[in-house]
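> Structure file input.tsv (TSV, C-alpha atoms) right here:
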```tsv
chain	number	residue	atom	x	y	z
M	1	MET	CA	26.39	-6.77	-57.56
M	2	PRO	CA	27.35	-6.68	-61.25
M	3	ILE	CA	28.23	-9.98	-62.92
M	4	LEU	CA	30.18	-10.17	-66.13
M	5	ARG	CA	29.59	-13.17	-68.30
M	6	ILE	CA	31.23	-13.66	-71.66
M	7	ASP	CA	30.36	-16.59	-73.89
M	8	SER	CA	31.95	-17.34	-77.18
M	9	CYS	CA	31.44	-20.02	-79.75
M	10	THR	CA	33.51	-18.31	-82.39
M	11	LYS	CA	35.61	-20.64	-84.49
M	12	VAL	CA	38.99	-19.18	-85.31
M	13	GLU	CA	40.44	-20.36	-88.60
M	14	VAL	CA	44.01	-19.78	-89.56
M	15	GLN	CA	44.28	-18.93	-93.22
M	16	ALA	CA	46.63	-21.03	-95.31
M	17	ASP	CA	49.60	-19.20	-96.74
M	18	THR	CA	50.42	-19.65	-100.41
M	19	ALA	CA	54.15	-19.58	-99.59
M	20	ILE	CA	53.62	-22.77	-97.59
M	21	ALA	CA	52.17	-24.51	-100.63
M	22	ILE	CA	55.27	-23.59	-102.58
M	23	ASN	CA	57.50	-25.04	-99.84
M	24	LEU	CA	55.57	-28.32	-99.96
M	25	GLU	CA	55.97	-28.64	-103.70
M	26	GLY	CA	58.58	-31.05	-104.98
M	27	LYS	CA	59.50	-34.69	-104.73
M	28	TRP	CA	59.99	-36.16	-101.26
M	29	VAL	CA	61.34	-39.59	-100.28
M	30	LEU	CA	59.98	-41.36	-97.21
M	31	LYS	CA	62.83	-42.09	-94.78
M	32	HIS	CA	61.02	-43.01	-91.54
M	33	ARG	CA	57.69	-43.44	-89.78
M	34	PHE	CA	57.33	-41.97	-86.31
M	35	LEU	CA	54.93	-44.19	-84.37
M	36	GLY	CA	54.06	-42.63	-81.03
M	37	ASP	CA	57.41	-43.05	-79.32
M	38	ALA	CA	59.61	-44.89	-81.83
M	39	ILE	CA	61.03	-44.35	-85.29
M	40	ASP	CA	60.67	-47.16	-87.82
M	41	THR	CA	61.75	-47.63	-91.42
M	42	PRO	CA	59.10	-47.05	-94.11
M	43	CYS	CA	58.05	-50.73	-94.20
M	44	GLY	CA	59.43	-51.98	-90.90
M	45	TYR	CA	62.88	-53.33	-90.20
M	46	ALA	CA	61.99	-56.86	-91.35
M	47	VAL	CA	61.25	-55.70	-94.91
M	48	THR	CA	64.50	-55.18	-96.81
M	49	ASN	CA	63.33	-55.39	-100.43
M	50	ALA	CA	61.09	-52.30	-100.61
M	51	ARG	CA	61.73	-49.58	-103.18
M	52	ASP	CA	61.77	-45.92	-102.21
M	53	ILE	CA	58.34	-44.63	-101.25
M	54	THR	CA	57.86	-41.15	-102.66
M	55	LEU	CA	55.46	-38.24	-102.39
M	56	GLU	CA	55.45	-35.62	-105.12
M	57	VAL	CA	53.48	-32.44	-104.46
M	58	THR	CA	52.64	-30.24	-107.45
M	59	ASP	CA	50.36	-27.37	-108.35
M	60	ASN	CA	46.81	-28.40	-109.24
M	61	THR	CA	46.36	-26.85	-112.69
M	62	GLU	CA	42.65	-27.75	-112.65
M	63	SER	CA	41.95	-25.44	-109.70
M	64	ASN	CA	42.29	-21.70	-109.18
M	65	ASP	CA	42.81	-22.26	-105.44
M	66	VAL	CA	46.55	-22.15	-104.64
M	67	ASN	CA	45.89	-24.29	-101.56
M	68	GLU	CA	44.66	-27.22	-103.68
M	69	LEU	CA	47.62	-29.36	-104.71
M	70	ARG	CA	48.11	-32.67	-106.51
M	71	ILE	CA	50.01	-35.57	-105.00
M	72	THR	CA	51.53	-38.53	-106.82
M	73	GLY	CA	54.18	-41.02	-105.92
M	74	ASN	CA	55.40	-44.56	-105.59
M	75	SER	CA	54.33	-46.73	-102.71
M	76	ALA	CA	55.94	-50.09	-101.91
M	77	VAL	CA	54.43	-51.69	-105.05
M	78	ASN	CA	52.09	-49.34	-106.91
M	79	MET	CA	51.98	-45.74	-108.06
M	80	TYR	CA	49.34	-43.51	-106.47
M	81	PHE	CA	47.68	-40.14	-107.01
M	82	GLY	CA	45.25	-37.82	-105.27
M	83	GLY	CA	44.72	-34.32	-103.97
M	84	LEU	CA	45.93	-32.36	-100.97
M	85	THR	CA	44.20	-29.22	-99.73
M	86	ILE	CA	45.91	-26.94	-97.23
M	87	THR	CA	43.17	-25.87	-94.83
M	88	GLY	CA	45.20	-23.73	-92.44
M	89	PHE	CA	48.62	-22.82	-91.12
M	90	ASP	CA	49.70	-21.69	-87.68
M	91	THR	CA	52.79	-19.49	-87.98
M	92	ASN	CA	53.48	-19.81	-84.23
M	93	THR	CA	53.88	-23.60	-84.30
M	94	GLY	CA	54.84	-24.03	-87.97
M	95	ILE	CA	52.14	-26.67	-88.28
M	96	GLY	CA	49.70	-26.69	-91.16
M	97	SER	CA	46.39	-28.48	-91.40
M	98	MET	CA	45.45	-30.36	-94.52
M	99	LYS	CA	42.99	-32.76	-96.08
M	100	ILE	CA	43.98	-35.54	-98.45
M	101	SER	CA	41.36	-36.57	-100.98
M	102	THR	CA	40.65	-40.19	-101.76
M	103	LEU	CA	43.77	-41.80	-103.18
M	104	GLY	CA	43.81	-43.81	-106.37
M	105	SER	CA	46.52	-46.26	-107.39
M	106	THR	CA	47.62	-48.74	-109.97
M	107	LYS	CA	46.66	-52.32	-109.15
M	108	MET	CA	49.85	-54.38	-109.43
M	109	ALA	CA	50.46	-57.23	-107.01
M	110	GLY	CA	53.63	-57.72	-105.03
M	111	ALA	CA	55.13	-59.81	-102.29
M	112	PRO	CA	52.84	-60.10	-99.23
M	113	GLU	CA	55.13	-58.00	-97.00
M	114	LEU	CA	55.24	-55.23	-99.61
M	115	MET	CA	51.47	-55.27	-100.06
M	116	GLU	CA	51.09	-55.02	-96.26
M	117	CYS	CA	53.53	-52.08	-96.22
M	118	GLU	CA	51.58	-50.38	-99.01
M	119	THR	CA	48.25	-50.82	-97.24
M	120	GLY	CA	49.72	-49.37	-94.06
M	121	TYR	CA	51.20	-46.44	-95.99
M	122	PHE	CA	47.92	-45.63	-97.73
M	123	ASN	CA	45.93	-45.90	-94.46
M	124	MET	CA	48.29	-43.61	-92.57
M	125	LEU	CA	48.48	-41.13	-95.46
M	126	ASN	CA	44.67	-41.01	-95.73
M	127	GLU	CA	44.43	-40.28	-91.99
M	128	SER	CA	47.04	-37.51	-92.12
M	129	ALA	CA	45.70	-34.12	-91.08
M	130	GLU	CA	48.82	-32.06	-90.36
M	131	PHE	CA	52.17	-31.18	-91.88
M	132	ARG	CA	55.29	-29.24	-91.03
M	133	ILE	CA	58.66	-28.64	-92.60
M	134	GLN	CA	61.36	-28.90	-89.98
M	135	GLU	CA	65.12	-28.94	-90.55
M	136	GLY	CA	64.65	-29.71	-94.25
M	137	GLN	CA	62.29	-32.61	-93.61
M	138	LEU	CA	58.60	-32.84	-94.38
M	139	HIS	CA	56.51	-34.40	-91.61
M	140	VAL	CA	53.00	-35.55	-92.57
M	141	GLY	CA	50.53	-37.16	-90.19
M	142	ARG	CA	49.12	-36.37	-86.76
M	143	PHE	CA	51.32	-34.64	-84.21
M	144	LYS	CA	51.41	-34.77	-80.42
M	145	LYS	CA	48.78	-32.77	-78.66
M	146	ASP	CA	49.49	-31.25	-75.25
M	147	THR	CA	46.75	-33.37	-73.71
M	148	ALA	CA	48.17	-36.67	-75.03
M	149	PRO	CA	50.05	-39.07	-72.75
M	150	SER	CA	53.77	-38.39	-72.69
M	151	ARG	CA	54.66	-41.51	-74.69
M	152	ASP	CA	52.25	-40.57	-77.48
M	153	GLY	CA	54.26	-38.27	-79.72
M	154	GLY	CA	51.85	-38.64	-82.62
M	155	THR	CA	52.18	-40.71	-85.78
M	156	TYR	CA	53.70	-39.22	-88.88
M	157	PHE	CA	55.89	-39.80	-91.90
M	158	ILE	CA	59.32	-38.22	-92.18
M	159	TYR	CA	60.25	-37.36	-95.76
M	160	GLU	CA	63.43	-35.81	-97.15
M	161	LYS	CA	63.64	-33.83	-100.38
M	162	ALA	CA	64.64	-36.04	-103.34
M	163	LYS	CA	67.99	-35.22	-104.89
```
In structure tokens, how does this file's structure come out?

Amino acid sequence: MPILRIDSCTKVEVQADTAIAINLEGKWVLKHRFLGDAIDTPCGYAVTNARDITLEVTDNTESNDVNELRITGNSAVNMYFGGLTITGFDTNTGIGSMKISTLGSTKMAGAPELMECETGYFNMLNESAEFRIQEGQLHVGRFKKDTAPSRDGGTYFIYEKAK
């Protein structure tokens, strides 16, 4: 009796597409945070004195790799900067994978609620591993996985292109 056994430990990587990097480039303004099953404002509904939180994605002139980009922007109080590397893109889902390097920022102080907003923004941005552009919006964070409970839709930022 013949038995067929096939084992595979092959890792399949989806190559990043340089056209995706170009679509990411530009200045984006944070409009909402999606938190599992609810949409919130950038700093929460109780905070009404926050400035626009921005994310600007530009070419990294110090690297020959088109998938290595620079990010800068304004958080609730300080300006920040860092790197973003596109590590893959799935054309079927429209979801890209990415890695954000350690962020640096200016060190100004602000109102306690704004400093709390900024800390939350930096933490969530540092943990972001995926992106997609959908209906003119840039989503950055962690998206729902099929195995996740139905109320867990992921956690991600929703940016719109700056005008």
> Can I get the residues of region 87-126 of chain M within 10 Å of region 47-62 of chain M, each with the closest pair of atoms and their distance in Å to one decimal, using all atoms listed in the file, sorted chain first then ascending number, as JSON lines?

```
{"residue": "M:Ala111", "atom": "CA", "partner": "M:Asn49", "partner_atom": "CA", "distance": 9.5}
{"residue": "M:Glu113", "atom": "CA", "partner": "M:Val47", "partner_atom": "CA", "distance": 6.9}
{"residue": "M:Leu114", "atom": "CA", "partner": "M:Ala50", "partner_atom": "CA", "distance": 6.6}
{"residue": "M:Cys117", "atom": "CA", "partner": "M:Val47", "partner_atom": "CA", "distance": 8.6}
{"residue": "M:Glu118", "atom": "CA", "partner": "M:Ile53", "partner_atom": "CA", "distance": 9.2}
{"residue": "M:Tyr121", "atom": "CA", "partner": "M:Ile53", "partner_atom": "CA", "distance": 9.1}
```
> Counting all atoms listed in the file, which residue out of M:Met108, M:Leu24, M:Leu69, M:Ile39 sits closest to Gly154 (chain M)?
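Comparing M:Met108, M:Leu24, M:Leu69, M:Ile39 against Gly154 (chain M), the winner is M:Ile39.
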> Have a look at M:Asp90, M:Lys99, M:Gly153, M:Phe143 and name the one nearest to Glu127 (chain M); count only C-alpha atoms.
M:Lys99
> Please determine, counting only C-alpha atoms, which residue among M:Gly120, M:Gly96, M:Pro112, M:Gly44 has the shortest atom-to-atom distance to Ser75 (chain M).
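Using only C-alpha atoms, the shortest distance to Ser75 (chain M) belongs to M:Gly120.
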> Mind pulling up the distance from CA of Gly73 (chain M) to CA of Lys27 (chain M)?
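Distance between the two atoms: 8.4 Å.
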> What's the separation between CA of Phe157 (chain M) and CA of Met79 (chain M), in Å to one decimal place?
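Result for CA of Phe157 (chain M) versus CA of Met79 (chain M): 17.7 Å, one decimal.
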> Of the candidates M:Thr85, M:Asn23, M:Asn78, M:Asn64, which shows the shortest atom-to-atom distance to Thr119 (chain M), using all atoms listed in the file?
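Comparing M:Thr85, M:Asn23, M:Asn78, M:Asn64 against Thr119 (chain M), the winner is M:Asn78.
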> Figure out the distance between CA of Ile95 (chain M) and CA of Glu130 (chain M), please, to one decimal in Å.
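Pair CA of Glu130 (chain M) / CA of Ile95 (chain M) returns 6.7 Å.
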> Find, counting all atoms listed in the file, the residue in M:Phe81, M:Tyr45, M:Phe122, M:Tyr156 that gets nearest to Gln137 (chain M).
M:Tyr156
> Which one is closest to Thr155 (chain M): M:Leu84, M:Ile133, M:Gly104, M:His32? Count all atoms listed in the file.
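Closest residue, counting all atoms listed in the file: M:His32.
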> Once N, CA, C and O atoms are restored for region 114-133 of chain M, what would the output be as a CSV table (one decimal), in the coordinates of the input?

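Contents of result-v1.csv, freshly written:
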```
chain,number,residue,atom,x,y,z
M,114,LEU,N,55.3,-56.5,-98.9
M,114,LEU,CA,55.2,-55.2,-99.6
M,114,LEU,C,53.8,-54.7,-99.7
M,114,LEU,O,53.5,-53.5,-99.6
M,115,MET,N,52.9,-55.7,-100.0
M,115,MET,CA,51.5,-55.3,-100.1
M,115,MET,C,51.0,-54.8,-98.7
M,115,MET,O,50.2,-53.8,-98.6
M,116,GLU,N,51.4,-55.4,-97.6
M,116,GLU,CA,51.1,-55.0,-96.3
M,116,GLU,C,51.7,-53.6,-96.0
M,116,GLU,O,51.0,-52.8,-95.4
M,117,CYS,N,52.9,-53.4,-96.4
M,117,CYS,CA,53.5,-52.1,-96.2
M,117,CYS,C,52.7,-51.0,-97.0
M,117,CYS,O,52.4,-50.0,-96.4
M,118,GLU,N,52.3,-51.3,-98.2
M,118,GLU,CA,51.6,-50.4,-99.0
M,118,GLU,C,50.2,-50.0,-98.4
M,118,GLU,O,49.8,-48.9,-98.3
M,119,THR,N,49.5,-51.1,-97.9
M,119,THR,CA,48.2,-50.8,-97.2
M,119,THR,C,48.4,-49.9,-96.0
M,119,THR,O,47.7,-49.0,-95.8
M,120,GLY,N,49.4,-50.2,-95.2
M,120,GLY,CA,49.7,-49.4,-94.1
M,120,GLY,C,50.1,-47.9,-94.4
M,120,GLY,O,49.6,-47.0,-93.8
M,121,TYR,N,50.8,-47.8,-95.5
M,121,TYR,CA,51.2,-46.4,-96.0
M,121,TYR,C,50.0,-45.7,-96.4
M,121,TYR,O,49.8,-44.5,-96.0
M,122,PHE,N,49.1,-46.3,-97.2
M,122,PHE,CA,47.9,-45.6,-97.7
M,122,PHE,C,47.0,-45.3,-96.6
M,122,PHE,O,46.4,-44.2,-96.5
M,123,ASN,N,46.8,-46.2,-95.6
M,123,ASN,CA,45.9,-45.9,-94.5
M,123,ASN,C,46.4,-44.7,-93.7
M,123,ASN,O,45.7,-43.8,-93.3
M,124,MET,N,47.7,-44.7,-93.4
M,124,MET,CA,48.3,-43.6,-92.6
M,124,MET,C,48.3,-42.3,-93.3
M,124,MET,O,48.0,-41.2,-92.8
M,125,LEU,N,48.5,-42.3,-94.6
M,125,LEU,CA,48.5,-41.1,-95.5
M,125,LEU,C,47.1,-40.6,-95.5
M,125,LEU,O,46.8,-39.4,-95.4
M,126,ASN,N,46.1,-41.5,-95.7
M,126,ASN,CA,44.7,-41.0,-95.7
M,126,ASN,C,44.2,-40.4,-94.4
M,126,ASN,O,43.4,-39.5,-94.4
M,127,GLU,N,44.8,-40.8,-93.3
M,127,GLU,CA,44.4,-40.3,-92.0
M,127,GLU,C,45.2,-39.0,-91.6
M,127,GLU,O,45.0,-38.4,-90.6
M,128,SER,N,46.2,-38.7,-92.4
M,128,SER,CA,47.0,-37.5,-92.1
M,128,SER,C,46.2,-36.2,-92.2
M,128,SER,O,45.4,-36.0,-93.1
M,129,ALA,N,46.5,-35.4,-91.2
M,129,ALA,CA,45.7,-34.1,-91.1
M,129,ALA,C,46.6,-32.9,-90.9
M,129,ALA,O,46.1,-31.8,-90.9
M,130,GLU,N,47.9,-33.2,-90.7
M,130,GLU,CA,48.8,-32.1,-90.4
M,130,GLU,C,50.1,-32.2,-91.1
M,130,GLU,O,50.5,-33.4,-91.5
M,131,PHE,N,50.8,-31.1,-91.3
M,131,PHE,CA,52.2,-31.2,-91.9
M,131,PHE,C,53.0,-30.1,-91.3
M,131,PHE,O,52.5,-29.1,-90.7
M,132,ARG,N,54.3,-30.3,-91.4
M,132,ARG,CA,55.3,-29.2,-91.0
M,132,ARG,C,56.6,-29.5,-91.8
M,132,ARG,O,56.9,-30.7,-92.1
M,133,ILE,N,57.3,-28.5,-92.0
M,133,ILE,CA,58.7,-28.6,-92.6
M,133,ILE,C,59.6,-28.2,-91.5
M,133,ILE,O,59.5,-27.1,-91.0
```
